[in-house]
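*Asks:* Have a look at the structure that comes next, please.
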Amino acid sequence: MSLSPIIELQSVSKSFGATSAIENLVLSIEAGAFCVLVGPSGCGKSTVLRMINAMIAPDLGVVRVRGQNISELDPIELRRSIGYVIQSVGLFPHWTVAANIATVPRLMGWDKVKIAERVEHIAAALQIDPALLPRYPRQLSGGQQQRVGVARALAADPDILLMDEPFAALDPVSRAALQGELRRLHKESGKTIVFVTHDMNEALRLATHIIVMDKGRVIQAGAPADILLRPRDAFVEGFLGREDLPLRLLDLATVGERTRPATTAAGSADEPIAIRDTASLRQALTLMLERHRDRLAVENERGELMGEIAVADVLGAGDAG
Ligand SMILES: Nc1ncnc2c1ncn2[C@@H]1O[C@H](COP(=O)(O)OP(=O)(O)O)[C@@H](O)[C@H]1O
Ligand SMILES: [Mg+2]
């Protein structure tokens with residue numbers, strides 16, 4: 001399964017004065033992965049991201065991006081080729097939303113028409129109301145500002161997106177909405193995302209690949225279901241919390257992944273109840289229990305029938321991984 005990784009850290013160490021932030025870290029991220037670095041505050045997550053875009057140079061070891069040792073590249077060009085989103089957004093307060101989104105394309109010297117088209121396109125993709133484009137950041141809610149931050153990072157269509165606790169300051173509703181957008185965007189674009197969080201539930205919801213860190217080291221790396229089912233040690237176990245394990249596993253897979261062709265429900269006179277393909281298995285199970293059904297119709301975003309999912313398909317999720 002191992003194609004050539006798009007990002008690699010080879011035995012990287014980094015200290016700040018007497019503080020060792022990263023110790024002999026080995027990391028390999030495949031192109032197209034949604035990789036989440038998760039660990040407690042101070043474990044070195046931000047330092048890893050900042051080494052990937054050459055904002056911090058390692059003391060020892062090599063960082064490779066797209067196969068190239070980045071110490072041999074122009075750091076400014078490298079940074080322009082990688083989207084970067086941080087928690088406090090860092091929008092330019094005296095620039096309009098449109099100008100903020102256009103930052104990198106303008107630096108890259110795109111012509112005005114192309115920039116305007118791109119801003120419009122990326123705003124639509126992130127469901128930013130066009131009426132917000134001429135406004136200033138302070139006139140936006142926190143959730144809207146964070147959407148603009150993501151749009152700005154994606155404006156020049158980078159193949160790699162680094163995100164450092166981007167949703168940590170948002171209310172739960174905006175946060176869940178942005179997580180959903182990001183998952184969809186990842187799926188549709190095939191971009192490589194490296195996302196940092198201290199919240200294991202956020203990691204489980206988003207990642208294709210999770211890297212658990214502590215004290216500047218990788219403790220465990222694997223698919224979300226691997227980490228949930230087989231935590232390597234007491235640290236990972238403690239960090240996960242073991243409550244509701246079966247339900248959390250059902251959160252990891254979508255209805256679409258378990259959908260099969262619809263049978264003509266023999267003997268069922270009931271009107272079918274539909275669920276979206278993007279819903280989680282947990283949502284499907286909840287709907288089945290609430291409505292006393294053992295199967296649901298599955299539909300896509302256009303409301304077209306894709307097939308069906310039965311309660312046995314949902315409960316089969318326990319052997320994931
Ligand atoms: N510029 C810096 N100067 C001094 N110490 C730093 C600096 N950046 C990070 N550190 C230290 O390195 C360690 C890792 O920090 P960081 O990567 O920011 O952790 P995380 O993002 O996981 O919270 C911490 O002990 C932090 O205090
Ligand atoms: Mg950090």
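Chain lettering (A, B, ...) mirrors the order of the structure tokens, residue numbering begins at 1 for each chain separately, and ligand numbering begins at 1 in order of display.
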Please report, as JSON lines, each residue of segment 35-54 of chain A lying at most 9 Å from segment 205-215 of chain A, together with the nearest pair of atoms and the separation in Å rounded to one decimal; use only C-alpha atoms, and order rows by chain and ascending residue number.
*Replies:*
{"residue": "A:Cys35", "atom": "CA", "partner": "A:His209", "partner_atom": "CA", "distance": 4.8}
{"residue": "A:Val36", "atom": "CA", "partner": "A:Ile210", "partner_atom": "CA", "distance": 4.9}
{"residue": "A:Leu37", "atom": "CA", "partner": "A:Ile211", "partner_atom": "CA", "distance": 4.8}
{"residue": "A:Val38", "atom": "CA", "partner": "A:Val212", "partner_atom": "CA", "distance": 5.0}
{"residue": "A:Gly39", "atom": "CA", "partner": "A:Met213", "partner_atom": "CA", "distance": 4.9}
{"residue": "A:Pro40", "atom": "CA", "partner": "A:Asp214", "partner_atom": "CA", "distance": 6.8}
{"residue": "A:Ser41", "atom": "CA", "partner": "A:Asp214", "partner_atom": "CA", "distance": 9.0}
{"residue": "A:Gly42", "atom": "CA", "partner": "A:Lys215", "partner_atom": "CA", "distance": 7.4}
{"residue": "A:Cys43", "atom": "CA", "partner": "A:Lys215", "partner_atom": "CA", "distance": 4.5}
{"residue": "A:Gly44", "atom": "CA", "partner": "A:Lys215", "partner_atom": "CA", "distance": 6.9}
{"residue": "A:Lys45", "atom": "CA", "partner": "A:Met213", "partner_atom": "CA", "distance": 7.6}
*Asks:* Residues near segment 173-187 of chain A, anyone? I mean within 9 Å using only C-alpha atoms, not counting same-chain ones fewer than 3 positions away, as a PDB file with all heavy atoms, in the first residue's frame.
*Replies:*
ATOM      1  N   GLY A  32      -2.660  12.242  -0.470  1.00  0.00           N
ATOM      2  CA  GLY A  32      -4.102  12.030  -0.394  1.00  0.00           C
ATOM      3  C   GLY A  32      -4.604  11.644   0.984  1.00  0.00           C
ATOM      4  O   GLY A  32      -5.806  11.514   1.189  1.00  0.00           O
ATOM      5  N   ALA A  33      -3.692  11.485   1.952  1.00  0.00           N
ATOM      6  CA  ALA A  33      -4.126  11.127   3.311  1.00  0.00           C
ATOM      7  C   ALA A  33      -4.757  12.328   4.007  1.00  0.00           C
ATOM      8  O   ALA A  33      -4.441  13.481   3.691  1.00  0.00           O
ATOM      9  CB  ALA A  33      -2.927  10.645   4.133  1.00  0.00           C
ATOM     10  N   PHE A  34      -5.641  12.043   4.923  1.00  0.00           N
ATOM     11  CA  PHE A  34      -6.089  13.048   5.892  1.00  0.00           C
ATOM     12  C   PHE A  34      -5.450  12.605   7.199  1.00  0.00           C
ATOM     13  O   PHE A  34      -5.962  11.748   7.909  1.00  0.00           O
ATOM     14  CB  PHE A  34      -7.609  13.073   5.996  1.00  0.00           C
ATOM     15  CG  PHE A  34      -8.157  14.301   6.677  1.00  0.00           C
ATOM     16  CD1 PHE A  34      -9.311  14.914   6.189  1.00  0.00           C
ATOM     17  CD2 PHE A  34      -7.530  14.857   7.779  1.00  0.00           C
ATOM     18  CE1 PHE A  34      -9.827  16.051   6.805  1.00  0.00           C
ATOM     19  CE2 PHE A  34      -8.034  15.989   8.393  1.00  0.00           C
ATOM     20  CZ  PHE A  34      -9.196  16.580   7.908  1.00  0.00           C
ATOM     21  N   ALA A 125     -17.315  27.053  -2.800  1.00  0.00           N
ATOM     22  CA  ALA A 125     -16.992  25.696  -2.347  1.00  0.00           C
ATOM     23  C   ALA A 125     -17.036  25.603  -0.817  1.00  0.00           C
ATOM     24  O   ALA A 125     -17.365  24.565  -0.266  1.00  0.00           O
ATOM     25  CB  ALA A 125     -15.616  25.285  -2.856  1.00  0.00           C
ATOM     26  N   LEU A 126     -16.714  26.687  -0.142  1.00  0.00           N
ATOM     27  CA  LEU A 126     -16.720  26.673   1.332  1.00  0.00           C
ATOM     28  C   LEU A 126     -17.981  27.313   1.895  1.00  0.00           C
ATOM     29  O   LEU A 126     -18.057  27.613   3.081  1.00  0.00           O
ATOM     30  CB  LEU A 126     -15.470  27.362   1.870  1.00  0.00           C
ATOM     31  CG  LEU A 126     -14.275  26.428   1.806  1.00  0.00           C
ATOM     32  CD1 LEU A 126     -12.971  27.178   1.735  1.00  0.00           C
ATOM     33  CD2 LEU A 126     -14.266  25.473   2.987  1.00  0.00           C
ATOM     34  N   GLN A 127     -18.965  27.507   1.033  1.00  0.00           N
ATOM     35  CA  GLN A 127     -20.258  28.058   1.447  1.00  0.00           C
ATOM     36  C   GLN A 127     -20.090  29.380   2.191  1.00  0.00           C
ATOM     37  O   GLN A 127     -20.685  29.614   3.239  1.00  0.00           O
ATOM     38  CB  GLN A 127     -21.020  27.027   2.270  1.00  0.00           C
ATOM     39  CG  GLN A 127     -21.069  25.729   1.488  1.00  0.00           C
ATOM     40  CD  GLN A 127     -22.129  24.760   1.965  1.00  0.00           C
ATOM     41  OE1 GLN A 127     -22.663  24.872   3.044  1.00  0.00           O
ATOM     42  NE2 GLN A 127     -22.443  23.801   1.109  1.00  0.00           N
ATOM     43  N   GLY A 142     -17.049  34.160  14.252  1.00  0.00           N
ATOM     44  CA  GLY A 142     -15.848  33.323  14.347  1.00  0.00           C
ATOM     45  C   GLY A 142     -15.860  32.196  13.321  1.00  0.00           C
ATOM     46  O   GLY A 142     -14.850  31.908  12.682  1.00  0.00           O
ATOM     47  N   GLY A 143     -17.026  31.568  13.160  1.00  0.00           N
ATOM     48  CA  GLY A 143     -17.135  30.469  12.204  1.00  0.00           C
ATOM     49  C   GLY A 143     -16.908  30.949  10.772  1.00  0.00           C
ATOM     50  O   GLY A 143     -16.219  30.290   9.985  1.00  0.00           O
ATOM     51  N   GLN A 144     -17.475  32.109  10.446  1.00  0.00           N
ATOM     52  CA  GLN A 144     -17.279  32.654   9.094  1.00  0.00           C
ATOM     53  C   GLN A 144     -15.821  33.021   8.873  1.00  0.00           C
ATOM     54  O   GLN A 144     -15.261  32.770   7.803  1.00  0.00           O
ATOM     55  CB  GLN A 144     -18.159  33.904   8.904  1.00  0.00           C
ATOM     56  CG  GLN A 144     -19.643  33.584   8.782  1.00  0.00           C
ATOM     57  CD  GLN A 144     -20.515  34.829   8.909  1.00  0.00           C
ATOM     58  OE1 GLN A 144     -20.126  35.817   9.523  1.00  0.00           O
ATOM     59  NE2 GLN A 144     -21.698  34.768   8.326  1.00  0.00           N
ATOM     60  N   GLN A 146     -13.257  31.649  10.199  1.00  0.00           N
ATOM     61  CA  GLN A 146     -12.452  30.445  10.032  1.00  0.00           C
ATOM     62  C   GLN A 146     -12.648  29.857   8.631  1.00  0.00           C
ATOM     63  O   GLN A 146     -11.711  29.346   8.027  1.00  0.00           O
ATOM     64  CB  GLN A 146     -12.767  29.439  11.141  1.00  0.00           C
ATOM     65  CG  GLN A 146     -11.703  28.387  11.363  1.00  0.00           C
ATOM     66  CD  GLN A 146     -10.304  28.926  11.612  1.00  0.00           C
ATOM     67  OE1 GLN A 146      -9.527  29.117  10.685  1.00  0.00           O
ATOM     68  NE2 GLN A 146      -9.961  29.187  12.859  1.00  0.00           N
ATOM     69  N   ARG A 147     -13.874  29.949   8.105  1.00  0.00           N
ATOM     70  CA  ARG A 147     -14.108  29.523   6.717  1.00  0.00           C
ATOM     71  C   ARG A 147     -13.246  30.327   5.752  1.00  0.00           C
ATOM     72  O   ARG A 147     -12.682  29.799   4.797  1.00  0.00           O
ATOM     73  CB  ARG A 147     -15.570  29.745   6.316  1.00  0.00           C
ATOM     74  CG  ARG A 147     -16.455  28.589   6.653  1.00  0.00           C
ATOM     75  CD  ARG A 147     -17.909  28.905   6.319  1.00  0.00           C
ATOM     76  NE  ARG A 147     -18.743  28.057   7.140  1.00  0.00           N
ATOM     77  CZ  ARG A 147     -19.170  26.853   6.776  1.00  0.00           C
ATOM     78  NH1 ARG A 147     -18.912  26.397   5.570  1.00  0.00           N
ATOM     79  NH2 ARG A 147     -19.859  26.105   7.591  1.00  0.00           N
ATOM     80  N   PHE A 167     -10.082  24.642  14.377  1.00  0.00           N
ATOM     81  CA  PHE A 167     -11.468  24.820  14.825  1.00  0.00           C
ATOM     82  C   PHE A 167     -11.585  24.889  16.345  1.00  0.00           C
ATOM     83  O   PHE A 167     -12.677  24.892  16.893  1.00  0.00           O
ATOM     84  CB  PHE A 167     -12.347  23.674  14.292  1.00  0.00           C
ATOM     85  CG  PHE A 167     -12.241  23.454  12.814  1.00  0.00           C
ATOM     86  CD1 PHE A 167     -12.346  22.176  12.270  1.00  0.00           C
ATOM     87  CD2 PHE A 167     -12.035  24.513  11.943  1.00  0.00           C
ATOM     88  CE1 PHE A 167     -12.245  21.968  10.905  1.00  0.00           C
ATOM     89  CE2 PHE A 167     -11.930  24.320  10.564  1.00  0.00           C
ATOM     90  CZ  PHE A 167     -12.038  23.039  10.050  1.00  0.00           C
ATOM     91  N   ALA A 168     -10.433  24.965  17.033  1.00  0.00           N
ATOM     92  CA  ALA A 168     -10.437  24.829  18.499  1.00  0.00           C
ATOM     93  C   ALA A 168     -11.228  25.934  19.189  1.00  0.00           C
ATOM     94  O   ALA A 168     -11.787  25.719  20.255  1.00  0.00           O
ATOM     95  CB  ALA A 168      -9.003  24.798  19.011  1.00  0.00           C
ATOM     96  N   ALA A 169     -11.293  27.125  18.588  1.00  0.00           N
ATOM     97  CA  ALA A 169     -11.955  28.235  19.279  1.00  0.00           C
ATOM     98  C   ALA A 169     -13.426  28.382  18.882  1.00  0.00           C
ATOM     99  O   ALA A 169     -14.086  29.314  19.326  1.00  0.00           O
ATOM    100  CB  ALA A 169     -11.200  29.533  18.984  1.00  0.00           C
ATOM    101  N   LEU A 170     -13.930  27.475  18.052  1.00  0.00           N
ATOM    102  CA  LEU A 170     -15.303  27.648  17.548  1.00  0.00           C
ATOM    103  C   LEU A 170     -16.340  27.006  18.459  1.00  0.00           C
ATOM    104  O   LEU A 170     -16.046  26.066  19.191  1.00  0.00           O
ATOM    105  CB  LEU A 170     -15.423  27.024  16.154  1.00  0.00           C
ATOM    106  CG  LEU A 170     -14.509  27.599  15.076  1.00  0.00           C
ATOM    107  CD1 LEU A 170     -14.772  26.894  13.750  1.00  0.00           C
ATOM    108  CD2 LEU A 170     -14.715  29.102  14.926  1.00  0.00           C
ATOM    109  N   GLY A 190      -8.855  15.147  -3.122  1.00  0.00           N
ATOM    110  CA  GLY A 190      -7.672  14.288  -3.064  1.00  0.00           C
ATOM    111  C   GLY A 190      -6.443  14.971  -2.505  1.00  0.00           C
ATOM    112  O   GLY A 190      -5.327  14.457  -2.614  1.00  0.00           O
ATOM    113  N   LYS A 191      -6.612  16.153  -1.894  1.00  0.00           N
ATOM    114  CA  LYS A 191      -5.467  16.851  -1.317  1.00  0.00           C
ATOM    115  C   LYS A 191      -4.943  16.085  -0.097  1.00  0.00           C
ATOM    116  O   LYS A 191      -5.679  15.348   0.545  1.00  0.00           O
ATOM    117  CB  LYS A 191      -5.881  18.254  -0.861  1.00  0.00           C
ATOM    118  CG  LYS A 191      -6.174  19.197  -2.014  1.00  0.00           C
ATOM    119  CD  LYS A 191      -6.519  20.579  -1.514  1.00  0.00           C
ATOM    120  CE  LYS A 191      -7.118  21.438  -2.612  1.00  0.00           C
ATOM    121  NZ  LYS A 191      -6.257  21.634  -3.784  1.00  0.00           N
ATOM    122  N   THR A 192      -3.674  16.327   0.222  1.00  0.00           N
ATOM    123  CA  THR A 192      -3.102  15.780   1.446  1.00  0.00           C
ATOM    124  C   THR A 192      -3.321  16.797   2.555  1.00  0.00           C
ATOM    125  O   THR A 192      -2.943  17.957   2.406  1.00  0.00           O
ATOM    126  CB  THR A 192      -1.583  15.556   1.269  1.00  0.00           C
ATOM    127  OG1 THR A 192      -1.382  14.770   0.092  1.00  0.00           O
ATOM    128  CG2 THR A 192      -0.987  14.872   2.481  1.00  0.00           C
ATOM    129  N   ILE A 193      -3.948  16.364   3.641  1.00  0.00           N
ATOM    130  CA  ILE A 193      -4.183  17.278   4.762  1.00  0.00           C
ATOM    131  C   ILE A 193      -3.427  16.761   5.983  1.00  0.00           C
ATOM    132  O   ILE A 193      -3.492  15.572   6.303  1.00  0.00           O
ATOM    133  CB  ILE A 193      -5.691  17.399   5.076  1.00  0.00           C
ATOM    134  CG1 ILE A 193      -6.442  17.929   3.844  1.00  0.00           C
ATOM    135  CG2 ILE A 193      -5.919  18.294   6.299  1.00  0.00           C
ATOM    136  CD1 ILE A 193      -7.940  18.109   4.045  1.00  0.00           C
ATOM    137  N   GLU A 202     -12.149  14.670  17.675  1.00  0.00           N
ATOM    138  CA  GLU A 202     -12.009  15.371  16.405  1.00  0.00           C
ATOM    139  C   GLU A 202     -11.114  14.554  15.458  1.00  0.00           C
ATOM    140  O   GLU A 202     -11.415  14.391  14.269  1.00  0.00           O
ATOM    141  CB  GLU A 202     -11.430  16.764  16.623  1.00  0.00           C
ATOM    142  CG  GLU A 202     -11.268  17.553  15.332  1.00  0.00           C
ATOM    143  CD  GLU A 202     -11.035  19.040  15.565  1.00  0.00           C
ATOM    144  OE1 GLU A 202      -9.983  19.405  16.123  1.00  0.00           O
ATOM    145  OE2 GLU A 202     -11.905  19.833  15.193  1.00  0.00           O
ATOM    146  N   ARG A 205     -13.001  11.640  14.032  1.00  0.00           N
ATOM    147  CA  ARG A 205     -14.037  12.049  13.082  1.00  0.00           C
ATOM    148  C   ARG A 205     -13.440  12.379  11.711  1.00  0.00           C
ATOM    149  O   ARG A 205     -14.072  12.160  10.691  1.00  0.00           O
ATOM    150  CB  ARG A 205     -14.736  13.294  13.644  1.00  0.00           C
ATOM    151  CG  ARG A 205     -16.206  13.354  13.362  1.00  0.00           C
ATOM    152  CD  ARG A 205     -16.855  14.444  14.214  1.00  0.00           C
ATOM    153  NE  ARG A 205     -16.847  14.125  15.628  1.00  0.00           N
ATOM    154  CZ  ARG A 205     -16.585  15.014  16.608  1.00  0.00           C
ATOM    155  NH1 ARG A 205     -16.275  16.264  16.320  1.00  0.00           N
ATOM    156  NH2 ARG A 205     -16.627  14.634  17.860  1.00  0.00           N
ATOM    157  N   LEU A 206     -12.210  12.911  11.699  1.00  0.00           N
ATOM    158  CA  LEU A 206     -11.681  13.445  10.447  1.00  0.00           C
ATOM    159  C   LEU A 206     -10.691  12.528   9.728  1.00  0.00           C
ATOM    160  O   LEU A 206     -10.656  12.490   8.503  1.00  0.00           O
ATOM    161  CB  LEU A 206     -10.965  14.774  10.726  1.00  0.00           C
ATOM    162  CG  LEU A 206     -11.856  15.940  11.154  1.00  0.00           C
ATOM    163  CD1 LEU A 206     -10.969  17.133  11.541  1.00  0.00           C
ATOM    164  CD2 LEU A 206     -12.810  16.337  10.041  1.00  0.00           C
ATOM    165  N   ALA A 207      -9.891  11.806  10.493  1.00  0.00           N
ATOM    166  CA  ALA A 207      -8.661  11.241   9.923  1.00  0.00           C
ATOM    167  C   ALA A 207      -8.890  10.011   9.057  1.00  0.00           C
ATOM    168  O   ALA A 207      -9.782   9.205   9.312  1.00  0.00           O
ATOM    169  CB  ALA A 207      -7.705  10.870  11.056  1.00  0.00           C
TER     170      ALA A 207
END
*Asks:* Per DSSP on the backbone, what are the helix (DSSP H, G or I) residues of segment 45-106 of chain A, as an NGL selection string?
*Replies:* :A and (45-52 or 70-72 or 75-80 or 97-101 or 103-106)
*Asks:* Output as a Markdown table one row per residue of segment 124-219 of chain A within 10 Å of segment 67-88 of chain A: the closest atom pair and its distance in Å to one decimal place, counting only C-alpha atoms, sorted by chain and residue number ascending.
*Replies:*
| residue | atom | partner | partner_atom | distance |
| --- | --- | --- | --- | --- |
| A:Gly142 | CA | A:Ser88 | CA | 9.5 |
| A:Gln145 | CA | A:Ser88 | CA | 9.4 |
| A:Gln146 | CA | A:Gln87 | CA | 8.1 |
| A:Val148 | CA | A:Val85 | CA | 10.0 |
| A:Gly149 | CA | A:Val85 | CA | 6.3 |
| A:Val150 | CA | A:Val85 | CA | 6.2 |
| A:Ala151 | CA | A:Val85 | CA | 9.4 |
| A:Arg152 | CA | A:Gly83 | CA | 8.0 |
| A:Ala153 | CA | A:Gly83 | CA | 4.3 |
| A:Leu154 | CA | A:Gly83 | CA | 5.9 |
| A:Ala155 | CA | A:Gly83 | CA | 8.4 |
| A:Ala156 | CA | A:Ser81 | CA | 7.8 |
| A:Asp157 | CA | A:Gly83 | CA | 8.2 |
| A:Pro158 | CA | A:Ile82 | CA | 5.3 |
| A:Asp159 | CA | A:Ile82 | CA | 6.9 |
| A:Ile160 | CA | A:Ile82 | CA | 5.2 |
| A:Leu161 | CA | A:Gly83 | CA | 4.4 |
| A:Leu162 | CA | A:Tyr84 | CA | 4.7 |
| A:Met163 | CA | A:Val85 | CA | 4.7 |
| A:Asp164 | CA | A:Ile86 | CA | 4.8 |
| A:Glu165 | CA | A:Gln87 | CA | 5.3 |
| A:Pro166 | CA | A:Gln87 | CA | 4.2 |
| A:Phe167 | CA | A:Gln87 | CA | 6.3 |
| A:Ala168 | CA | A:Gln87 | CA | 6.5 |
| A:Ala169 | CA | A:Gln87 | CA | 6.9 |
| A:Leu170 | CA | A:Gln87 | CA | 9.2 |
| A:Thr192 | CA | A:Ile82 | CA | 9.9 |
| A:Ile193 | CA | A:Gly83 | CA | 9.2 |
| A:Val194 | CA | A:Tyr84 | CA | 9.6 |
| A:Phe195 | CA | A:Val85 | CA | 9.3 |
| A:Val196 | CA | A:Ile86 | CA | 9.5 |
*Asks:* Any chance you could export the current selection's C-alpha atoms as a tab-separated table (two decimals), in the first residue's frame?
*Replies:*
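Generated file (selection.tsv):
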chain	number	residue	atom	x	y	z
A	142	GLY	CA	-15.85	33.32	14.35
A	145	GLN	CA	-13.77	33.97	9.75
A	146	GLN	CA	-12.45	30.45	10.03
A	148	VAL	CA	-12.33	32.50	5.16
A	149	GLY	CA	-9.06	31.29	6.70
A	150	VAL	CA	-9.56	27.89	5.04
A	151	ALA	CA	-10.56	29.53	1.74
A	152	ARG	CA	-7.41	31.66	1.82
A	153	ALA	CA	-5.25	28.58	2.41
A	154	LEU	CA	-6.87	26.84	-0.57
A	155	ALA	CA	-6.97	29.80	-2.95
A	156	ALA	CA	-3.89	28.87	-4.96
A	157	ASP	CA	-5.03	25.22	-5.03
A	158	PRO	CA	-2.13	23.73	-3.03
A	159	ASP	CA	-1.88	19.94	-3.00
A	160	ILE	CA	-0.94	20.03	0.70
A	161	LEU	CA	-2.92	21.71	3.47
A	162	LEU	CA	-1.52	22.10	6.99
A	163	MET	CA	-4.02	22.94	9.72
A	164	ASP	CA	-3.04	23.76	13.30
A	165	GLU	CA	-6.02	23.39	15.67
A	166	PRO	CA	-8.10	25.37	13.16
A	167	PHE	CA	-11.47	24.82	14.82
A	168	ALA	CA	-10.44	24.83	18.50
A	169	ALA	CA	-11.95	28.23	19.28
A	170	LEU	CA	-15.30	27.65	17.55
A	192	THR	CA	-3.10	15.78	1.45
A	193	ILE	CA	-4.18	17.28	4.76
A	194	VAL	CA	-2.07	17.33	7.92
A	195	PHE	CA	-4.30	18.43	10.77
A	196	VAL	CA	-3.26	19.07	14.36
*Asks:* Please list as JSON, numbers by chain every residue within 12 Å of Ser4 of chain A, counting only C-alpha atoms and excluding residues in the same chain fewer than 5 positions away.
*Replies:* {"A": [28, 29, 30, 31, 32, 64, 65, 66, 67, 68]}
*Asks:* Set the distance at 12 Å and use only C-alpha atoms: which residues neighbour Asp244 of chain A once local chain neighbours fewer than 6 positions away are removed? I'd like the list as a tab-separated table (two decimals) with N, CA and C atoms, in the first residue's frame.
*Replies:*
chain	number	residue	atom	x	y	z
A	201	ASN	N	-11.51	12.99	19.78
A	201	ASN	CA	-12.76	12.77	19.05
A	201	ASN	C	-12.75	13.48	17.71
A	228	LEU	N	-8.51	2.93	17.97
A	228	LEU	CA	-9.61	2.72	18.92
A	228	LEU	C	-9.62	1.29	19.44
A	229	LEU	N	-9.40	0.33	18.54
A	229	LEU	CA	-9.53	-1.07	18.94
A	229	LEU	C	-8.27	-1.61	19.61
A	250	LEU	N	-18.95	3.13	15.34
A	250	LEU	CA	-20.00	3.40	14.34
A	250	LEU	C	-19.91	4.81	13.79
A	251	ASP	N	-19.25	5.70	14.52
A	251	ASP	CA	-19.05	7.06	14.02
A	251	ASP	C	-18.02	7.11	12.89
A	282	ARG	N	-23.65	5.40	12.96
A	282	ARG	CA	-24.32	5.67	14.23
A	282	ARG	C	-25.64	6.41	13.99
*Asks:* Which one of A:Lys112, A:Gly61, A:Pro130, A:Asp199 sits closest to ligand 2 if you count only C-alpha atoms and all ligand atoms?
*Replies:*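 The shortest atom-to-atom distance to ligand 2 comes from A:Asp199.
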*Asks:* Residues near Lys14 of chain A, anyone? I mean within 7 Å using only C-alpha atoms, not counting same-chain ones fewer than 5 positions away, as a PDB file with N, CA, C and O atoms, in the first residue's frame.
*Replies:*
ATOM      1  N   SER A  20      13.649  20.054  24.774  1.00  0.00           N
ATOM      2  CA  SER A  20      13.624  19.207  23.595  1.00  0.00           C
ATOM      3  C   SER A  20      12.170  19.091  23.130  1.00  0.00           C
ATOM      4  O   SER A  20      11.325  18.552  23.835  1.00  0.00           O
ATOM      5  N   ALA A  21      11.874  19.643  21.950  1.00  0.00           N
ATOM      6  CA  ALA A  21      10.483  19.656  21.466  1.00  0.00           C
ATOM      7  C   ALA A  21      10.175  18.406  20.651  1.00  0.00           C
ATOM      8  O   ALA A  21       9.092  17.834  20.755  1.00  0.00           O
ATOM      9  N   ILE A  22      11.130  17.966  19.821  1.00  0.00           N
ATOM     10  CA  ILE A  22      10.939  16.810  18.935  1.00  0.00           C
ATOM     11  C   ILE A  22      12.169  15.922  19.059  1.00  0.00           C
ATOM     12  O   ILE A  22      13.290  16.407  18.960  1.00  0.00           O
ATOM     13  N   GLU A  23      11.934  14.625  19.265  1.00  0.00           N
ATOM     14  CA  GLU A  23      13.058  13.712  19.462  1.00  0.00           C
ATOM     15  C   GLU A  23      13.063  12.590  18.453  1.00  0.00           C
ATOM     16  O   GLU A  23      12.205  11.714  18.492  1.00  0.00           O
ATOM     17  N   PRO A  58      14.886  21.856  11.381  1.00  0.00           N
ATOM     18  CA  PRO A  58      15.271  20.873  12.394  1.00  0.00           C
ATOM     19  C   PRO A  58      16.744  21.017  12.773  1.00  0.00           C
ATOM     20  O   PRO A  58      17.543  21.496  11.971  1.00  0.00           O
ATOM     21  N   ASP A  59      17.098  20.619  14.010  1.00  0.00           N
ATOM     22  CA  ASP A  59      18.506  20.586  14.404  1.00  0.00           C
ATOM     23  C   ASP A  59      19.195  19.402  13.739  1.00  0.00           C
ATOM     24  O   ASP A  59      20.340  19.487  13.317  1.00  0.00           O
ATOM     25  N   LEU A  60      18.460  18.289  13.696  1.00  0.00           N
ATOM     26  CA  LEU A  60      18.992  17.051  13.110  1.00  0.00           C
ATOM     27  C   LEU A  60      17.918  16.436  12.235  1.00  0.00           C
ATOM     28  O   LEU A  60      16.726  16.620  12.503  1.00  0.00           O
TER      29      LEU A  60
END
*Asks:* Identify, on the basis of only C-alpha atoms, every residue whose closest approach to Arg293 of chain A does not exceed 10 Å; exclude the query and any residue fewer than 4 positions from it along the same chain; express the result as a list in words.
*Replies:* Asp270, Pro272, Ile273, Leu285, Leu287, Met288, Leu289, Ala310 and Val311 of chain A
*Asks:* Based on DSSP run over this structure's backbone, return all residues of segment 62-273 of chain A in strand (DSSP E), as a count of residues only.
*Replies:* 34
*Asks:* What's the 12 Å shell around Val314 of chain A, counting only C-alpha atoms, without same-chain residues fewer than 2 positions away, as a PyMOL selection string?
*Replies:* chain A and resi 246-247+249-260+279-288+294-296+308-312+316-320
*Asks:* Find the distance between atom CA of Glu243 of chain A and atom CA of Ala225 of chain A and write it in Å to one decimal.
*Replies:*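 For atom CA of Glu243 of chain A relative to atom CA of Ala225 of chain A, the distance reads 14.7 Å.
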*Asks:* Pick from A:Arg118, A:His94, A:Arg291, A:Arg217: nearest to Arg135 of chain A, with only C-alpha atoms counted?
*Replies:*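 Checking each of A:Arg118, A:His94, A:Arg291, A:Arg217 against Arg135 of chain A, counting only C-alpha atoms, the winner is A:His94.
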*Asks:* Could you check how far atom CA of Ala203 of chain A sits from atom CA of Arg302 of chain A, in Å to one decimal?
*Replies:*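 Rounded to one decimal, the two atoms are 28.9 Å apart.
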*Asks:* Using only C-alpha atoms, which of A:Val26, A:Ala18, A:Ile7, A:Met306 sits nearest Ile52 of chain A?
*Replies:*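 So, comparing all the options, the nearest one is A:Ile7.
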